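Shown next, in structure tokens, is the structure this report addresses.
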Amino acid sequence: MSDEKIKSKPKHLAIILDGNGRWARKRHLPRLLGHRAGVKALEKIVRAVKRECIPYLSVYAFSTENWNRPELEVKGLMSLFRYYIRKKIDELKAEDIKIRFCGRKSGLPEDILELMKWGEDYTANQTTLEFIPCLNYGGRAEIIDAVNTLIASNPQTPVTEQDLRKYFYLPDVPDPDLIIRTGGEFRLSNFWLWGSAYSEYYFTDIFWPDFNEAELKKALEFYAGRERRYGGLKS
């Protein structure tokens, strides 16, 4: 399918970046080198998504469950986050890309929280693409946090979906239209549990470091061929 035929594109594309560790193991490399390769792949995909004129891109960078990984790997991932925010924010701003982080702030190192806030403030006026790394994110945690905040601020009952949504981490971001998962797994792994109610899903065996613009186009072609009904019947 040519670019001209890909007329229906997601407004919000979400990606589960899976397979970094297996990519490294296949090459007899440390897992952290797989994560570094994954960051390089992400840089290319962010630019490719911008070229596709998709306004929102969210990526599952670090889940609430990832704290259970080996300590050395967690420390390495935190170092990668520090590096990316410090070294790449200028590039994002120059390319008119806004960065916003989604997830629980509690539990993250204080210096990373400061870098996150700086990056968000520094790119706040960029408009072409909103890039959303989901860091210390869990779908269940988001719902629990929203419910607790709603109860604390307004204990009236009953509540509507709109009431609850106001207390999500990024309530103004639209639900994902398309969720891509690399690495050959067929599950959400606690990603966008509320927002994915009517998302389309695209799964590929390709490990994340090998996911490139050509693979992105395959996913977009798949999405363009879907008929989204939102629970309704075909007319």
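Note on naming: chains are A, B, ... as they come in the structure tokens, residues start from 1 per chain, ligands start from 1 in the order shown.
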Could I get the residues of stretch 134-234 of chain A with an atom no further than 9 Å from an atom of stretch 14-19 of chain A, each paired with its nearest atom pair and that distance in Å to one decimal, using only C-alpha atoms, sorted by chain and residue number, as a Markdown table?
```
| residue | atom | partner | partner_atom | distance |
| --- | --- | --- | --- | --- |
| A:Pro176 | CA | A:Ala14 | CA | 6.0 |
| A:Asp177 | CA | A:Ala14 | CA | 7.9 |
| A:Leu178 | CA | A:Ala14 | CA | 6.2 |
| A:Ile179 | CA | A:Ala14 | CA | 4.7 |
| A:Ile180 | CA | A:Ile15 | CA | 4.7 |
| A:Arg181 | CA | A:Ile16 | CA | 4.7 |
| A:Thr182 | CA | A:Asp18 | CA | 5.2 |
| A:Gly183 | CA | A:Gly19 | CA | 4.6 |
| A:Gly184 | CA | A:Gly19 | CA | 8.1 |
| A:Glu185 | CA | A:Asp18 | CA | 8.1 |
| A:Leu188 | CA | A:Ile16 | CA | 7.9 |
| A:Ser189 | CA | A:Ile16 | CA | 8.7 |
| A:Phe191 | CA | A:Ile16 | CA | 7.9 |
| A:Trp192 | CA | A:Ala14 | CA | 8.8 |
| A:Asp205 | CA | A:Gly19 | CA | 8.9 |
| A:Ile206 | CA | A:Gly19 | CA | 7.8 |
| A:Phe207 | CA | A:Gly19 | CA | 4.5 |
| A:Trp208 | CA | A:Gly19 | CA | 5.4 |
| A:Pro209 | CA | A:Gly19 | CA | 7.5 |
```
Could you give me, as a tab-separated table, every stretch 76-178 of chain A residue with an atom at most 12 Å from stretch 195-201 of chain A, plus its closest atom pair and distance in Å to one decimal, counting only C-alpha atoms, rows ordered by chain then number?
```
residue	atom	partner	partner_atom	distance
A:Gly138	CA	A:Gly195	CA	12.0
A:Gly139	CA	A:Gly195	CA	8.8
A:Arg140	CA	A:Gly195	CA	11.4
A:Glu142	CA	A:Gly195	CA	10.6
A:Ile143	CA	A:Gly195	CA	10.4
A:Glu161	CA	A:Gly195	CA	11.4
A:Arg165	CA	A:Gly195	CA	9.7
A:Phe168	CA	A:Gly195	CA	10.1
A:Tyr169	CA	A:Gly195	CA	11.6
A:Leu170	CA	A:Gly195	CA	11.0
A:Pro171	CA	A:Gly195	CA	10.3
A:Asp172	CA	A:Gly195	CA	11.8
A:Val173	CA	A:Gly195	CA	9.7
A:Pro174	CA	A:Gly195	CA	8.0
A:Asp175	CA	A:Gly195	CA	4.7
A:Pro176	CA	A:Ser199	CA	5.9
A:Asp177	CA	A:Ser199	CA	4.8
A:Leu178	CA	A:Glu200	CA	4.7
```
Would you write out those residues with C-alpha atoms, as a short mmCIF file (atom, residue, chain, number, x, y, z; two decimals), in the first residue's frame?
```
data_model
loop_
_atom_site.label_atom_id
_atom_site.label_comp_id
_atom_site.auth_asym_id
_atom_site.auth_seq_id
_atom_site.Cartn_x
_atom_site.Cartn_y
_atom_site.Cartn_z
CA GLY A 138 0.79 0.87 34.97
CA GLY A 139 -2.78 0.83 33.73
CA ARG A 140 -4.13 -0.48 37.02
CA GLU A 142 -3.50 4.88 36.85
CA ILE A 143 -7.07 3.79 37.53
CA GLU A 161 -16.53 8.07 33.05
CA ARG A 165 -11.04 10.63 33.34
CA PHE A 168 -5.94 10.28 34.85
CA TYR A 169 -2.26 11.12 34.44
CA LEU A 170 -2.80 12.95 31.11
CA PRO A 171 -6.56 13.46 30.83
CA ASP A 172 -6.33 15.64 27.73
CA VAL A 173 -4.54 12.98 25.64
CA PRO A 174 -6.95 10.99 23.45
CA ASP A 175 -7.19 7.22 23.85
CA PRO A 176 -4.81 5.19 21.68
CA ASP A 177 -6.25 4.36 18.26
CA LEU A 178 -3.53 1.83 17.46
#
```
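Here the question is which of A:Arg31, A:Gln156, A:Lys217, A:Val49 gets nearest to A:Pro70 using only C-alpha atoms, and that residue is A:Arg31.
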Open item on the list: Taking only stretch 7-234 of chain A into account, list the residues labelled strand (DSSP E or B) by DSSP (computed from the backbone), as an NGL selection string.
Closed with: :A and (12-16 or 56-63 or 97-99 or 102 or 129-137 or 178-181 or 200-203)
File of the preceding selection, N, CA, C and O atoms, as a compact mmCIF listing (two decimals), in the first residue's frame:
```
# COMPACT_ATOMS: atom_id res chain seq x y z
N HIS A 12 -3.60 8.88 17.90
CA HIS A 12 -2.71 8.51 18.99
C HIS A 12 -2.19 7.11 18.73
O HIS A 12 -2.94 6.14 18.74
N LEU A 13 -0.90 7.00 18.48
CA LEU A 13 -0.22 5.72 18.29
C LEU A 13 0.53 5.38 19.57
O LEU A 13 1.29 6.20 20.09
N ALA A 14 0.31 4.18 20.09
CA ALA A 14 0.98 3.72 21.30
C ALA A 14 1.81 2.48 20.96
O ALA A 14 1.37 1.64 20.18
N ILE A 15 3.00 2.38 21.55
CA ILE A 15 3.89 1.26 21.24
C ILE A 15 4.42 0.64 22.52
O ILE A 15 4.91 1.34 23.42
N ILE A 16 4.33 -0.69 22.61
CA ILE A 16 4.96 -1.46 23.68
C ILE A 16 6.31 -1.91 23.15
O ILE A 16 6.39 -2.75 22.25
N TYR A 56 0.06 12.26 18.26
CA TYR A 56 0.42 11.72 19.59
C TYR A 56 1.14 10.37 19.44
O TYR A 56 0.65 9.49 18.73
N LEU A 57 2.26 10.25 20.13
CA LEU A 57 2.98 8.97 20.20
C LEU A 57 3.31 8.69 21.65
O LEU A 57 4.03 9.46 22.30
N SER A 58 2.78 7.59 22.19
CA SER A 58 3.15 7.17 23.54
C SER A 58 3.90 5.85 23.46
O SER A 58 3.61 5.01 22.60
N VAL A 59 4.88 5.68 24.34
CA VAL A 59 5.67 4.45 24.35
C VAL A 59 5.79 3.94 25.78
O VAL A 59 5.92 4.72 26.73
N TYR A 60 5.73 2.63 25.93
CA TYR A 60 5.83 1.98 27.25
C TYR A 60 7.31 1.84 27.56
O TYR A 60 7.95 0.86 27.19
N ALA A 61 7.84 2.81 28.27
CA ALA A 61 9.28 2.85 28.52
C ALA A 61 9.69 2.08 29.77
O ALA A 61 10.75 1.45 29.80
N PHE A 62 8.87 2.16 30.83
CA PHE A 62 9.20 1.50 32.10
C PHE A 62 7.92 1.34 32.89
O PHE A 62 7.25 2.32 33.21
N SER A 63 7.55 0.09 33.18
CA SER A 63 6.29 -0.17 33.86
C SER A 63 6.46 -0.19 35.37
O SER A 63 7.58 -0.30 35.89
N ILE A 97 8.88 19.01 18.58
CA ILE A 97 8.28 17.87 19.28
C ILE A 97 8.19 18.20 20.77
O ILE A 97 9.19 18.56 21.39
N LYS A 98 7.01 18.06 21.32
CA LYS A 98 6.79 18.26 22.75
C LYS A 98 6.93 16.92 23.47
O LYS A 98 6.47 15.89 22.97
N ILE A 99 7.56 16.93 24.63
CA ILE A 99 7.66 15.71 25.42
C ILE A 99 6.84 15.86 26.69
O ILE A 99 6.85 16.92 27.33
N CYS A 102 4.20 10.22 31.35
CA CYS A 102 2.96 9.66 31.89
C CYS A 102 3.31 8.54 32.85
O CYS A 102 4.03 7.61 32.49
N LEU A 129 4.28 17.24 17.19
CA LEU A 129 4.09 15.90 17.74
C LEU A 129 4.21 15.95 19.26
O LEU A 129 5.10 16.63 19.79
N GLU A 130 3.31 15.25 19.94
CA GLU A 130 3.40 15.11 21.39
C GLU A 130 3.94 13.70 21.68
O GLU A 130 3.25 12.70 21.44
N PHE A 131 5.16 13.66 22.17
CA PHE A 131 5.84 12.40 22.46
C PHE A 131 5.70 12.10 23.94
O PHE A 131 6.10 12.91 24.79
N ILE A 132 5.13 10.92 24.26
CA ILE A 132 4.76 10.61 25.64
C ILE A 132 5.45 9.31 26.09
O ILE A 132 4.92 8.21 25.87
N PRO A 133 6.62 9.40 26.73
CA PRO A 133 7.19 8.21 27.35
C PRO A 133 6.41 7.87 28.62
O PRO A 133 6.23 8.71 29.50
N CYS A 134 5.92 6.65 28.71
CA CYS A 134 5.20 6.20 29.90
C CYS A 134 6.23 5.58 30.84
O CYS A 134 6.73 4.48 30.61
N LEU A 135 6.54 6.31 31.89
CA LEU A 135 7.65 5.97 32.79
C LEU A 135 7.11 5.73 34.19
O LEU A 135 6.44 6.59 34.75
N ASN A 136 7.40 4.55 34.75
CA ASN A 136 6.78 4.10 35.99
C ASN A 136 5.27 4.11 35.83
O ASN A 136 4.52 4.58 36.69
N TYR A 137 4.82 3.56 34.70
CA TYR A 137 3.39 3.56 34.35
C TYR A 137 2.81 2.15 34.50
O TYR A 137 3.45 1.15 34.17
N LEU A 178 -4.29 3.01 17.87
CA LEU A 178 -3.53 1.83 17.46
C LEU A 178 -2.44 1.56 18.50
O LEU A 178 -1.70 2.46 18.86
N ILE A 179 -2.37 0.31 18.96
CA ILE A 179 -1.31 -0.11 19.88
C ILE A 179 -0.47 -1.17 19.18
O ILE A 179 -0.99 -2.21 18.75
N ILE A 180 0.82 -0.90 19.05
CA ILE A 180 1.77 -1.83 18.45
C ILE A 180 2.55 -2.51 19.56
O ILE A 180 3.01 -1.84 20.48
N ARG A 181 2.69 -3.83 19.48
CA ARG A 181 3.60 -4.53 20.39
C ARG A 181 4.60 -5.33 19.58
O ARG A 181 4.21 -6.15 18.74
N GLU A 200 -7.16 -0.53 18.24
CA GLU A 200 -6.76 -1.62 17.35
C GLU A 200 -5.39 -2.11 17.81
O GLU A 200 -4.58 -1.31 18.29
N TYR A 201 -5.12 -3.41 17.63
CA TYR A 201 -3.85 -3.99 18.09
C TYR A 201 -3.07 -4.55 16.91
O TYR A 201 -3.64 -5.21 16.03
N TYR A 202 -1.77 -4.30 16.93
CA TYR A 202 -0.88 -4.84 15.88
C TYR A 202 0.31 -5.49 16.57
O TYR A 202 1.05 -4.84 17.31
N PHE A 203 0.47 -6.79 16.35
CA PHE A 203 1.56 -7.54 16.98
C PHE A 203 2.55 -8.00 15.92
O PHE A 203 2.16 -8.40 14.82
```
Open item on the list: If we count only C-alpha atoms and set the cut-off at 8 Å, which residues sit around stretch 72-83 of chain A, ignoring sequence neighbours fewer than 3 positions away in its own chain? Please answer as a ChimeraX atom specification.
Closed with: /A:31-32,35-36,66-67,69,86-88,112,115
Write the residues of the preceding selection, restricted to N, CA, C and O atoms, as a PDB file, in the first residue's frame.
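The file below, again_24.pdb, is the result:
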```
ATOM      1  N   ARG A  31      22.169  -7.330  28.451  1.00  0.00           N
ATOM      2  CA  ARG A  31      20.827  -6.798  28.250  1.00  0.00           C
ATOM      3  C   ARG A  31      20.816  -5.278  28.099  1.00  0.00           C
ATOM      4  O   ARG A  31      20.039  -4.725  27.318  1.00  0.00           O
ATOM      5  N   LEU A  32      21.706  -4.590  28.831  1.00  0.00           N
ATOM      6  CA  LEU A  32      21.718  -3.130  28.746  1.00  0.00           C
ATOM      7  C   LEU A  32      22.073  -2.631  27.350  1.00  0.00           C
ATOM      8  O   LEU A  32      21.608  -1.572  26.928  1.00  0.00           O
ATOM      9  N   HIS A  35      18.938  -2.508  25.508  1.00  0.00           N
ATOM     10  CA  HIS A  35      18.152  -1.308  25.816  1.00  0.00           C
ATOM     11  C   HIS A  35      18.717  -0.078  25.100  1.00  0.00           C
ATOM     12  O   HIS A  35      17.957   0.783  24.634  1.00  0.00           O
ATOM     13  N   ARG A  36      20.026  -0.001  25.011  1.00  0.00           N
ATOM     14  CA  ARG A  36      20.629   1.124  24.278  1.00  0.00           C
ATOM     15  C   ARG A  36      20.255   1.075  22.806  1.00  0.00           C
ATOM     16  O   ARG A  36      19.950   2.106  22.193  1.00  0.00           O
ATOM     17  N   ASN A  66       8.369  -3.194  36.296  1.00  0.00           N
ATOM     18  CA  ASN A  66       9.783  -3.326  35.909  1.00  0.00           C
ATOM     19  C   ASN A  66      10.749  -3.120  37.065  1.00  0.00           C
ATOM     20  O   ASN A  66      11.931  -3.467  36.967  1.00  0.00           O
ATOM     21  N   TRP A  67      10.258  -2.581  38.190  1.00  0.00           N
ATOM     22  CA  TRP A  67      11.117  -2.447  39.365  1.00  0.00           C
ATOM     23  C   TRP A  67      11.562  -3.826  39.882  1.00  0.00           C
ATOM     24  O   TRP A  67      12.545  -3.918  40.634  1.00  0.00           O
ATOM     25  N   ARG A  69      12.819  -6.145  38.130  1.00  0.00           N
ATOM     26  CA  ARG A  69      13.942  -6.662  37.344  1.00  0.00           C
ATOM     27  C   ARG A  69      15.238  -6.569  38.168  1.00  0.00           C
ATOM     28  O   ARG A  69      15.276  -5.876  39.190  1.00  0.00           O
ATOM     29  N   ARG A  86      18.700  14.549  29.072  1.00  0.00           N
ATOM     30  CA  ARG A  86      19.722  15.603  29.045  1.00  0.00           C
ATOM     31  C   ARG A  86      20.207  15.895  27.634  1.00  0.00           C
ATOM     32  O   ARG A  86      20.398  17.063  27.263  1.00  0.00           O
ATOM     33  N   LYS A  87      20.431  14.849  26.840  1.00  0.00           N
ATOM     34  CA  LYS A  87      21.118  15.006  25.560  1.00  0.00           C
ATOM     35  C   LYS A  87      20.192  15.188  24.360  1.00  0.00           C
ATOM     36  O   LYS A  87      20.633  15.691  23.320  1.00  0.00           O
ATOM     37  N   LYS A  88      18.931  14.788  24.479  1.00  0.00           N
ATOM     38  CA  LYS A  88      18.081  14.747  23.300  1.00  0.00           C
ATOM     39  C   LYS A  88      16.964  15.790  23.290  1.00  0.00           C
ATOM     40  O   LYS A  88      16.298  15.968  22.263  1.00  0.00           O
ATOM     41  N   ILE A 112      15.736  12.472  38.308  1.00  0.00           N
ATOM     42  CA  ILE A 112      15.005  12.155  37.083  1.00  0.00           C
ATOM     43  C   ILE A 112      13.697  12.944  37.038  1.00  0.00           C
ATOM     44  O   ILE A 112      13.306  13.455  35.983  1.00  0.00           O
ATOM     45  N   LEU A 115      14.562  16.348  35.871  1.00  0.00           N
ATOM     46  CA  LEU A 115      14.830  16.358  34.434  1.00  0.00           C
ATOM     47  C   LEU A 115      13.538  16.252  33.633  1.00  0.00           C
ATOM     48  O   LEU A 115      13.377  16.908  32.596  1.00  0.00           O
TER      49      LEU A 115
END
```
TODO: Could you tell me how far atom CA of A:Ala224 lies from atom CA of A:Lys44, in Å and to one decimal?
DONE: 22.0 Å
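With only C-alpha atoms as the atoms that count, the residue of A:Ser8, A:Phe211, A:Gln126, A:Pro55 with the shortest distance to A:Val39 is A:Phe211.
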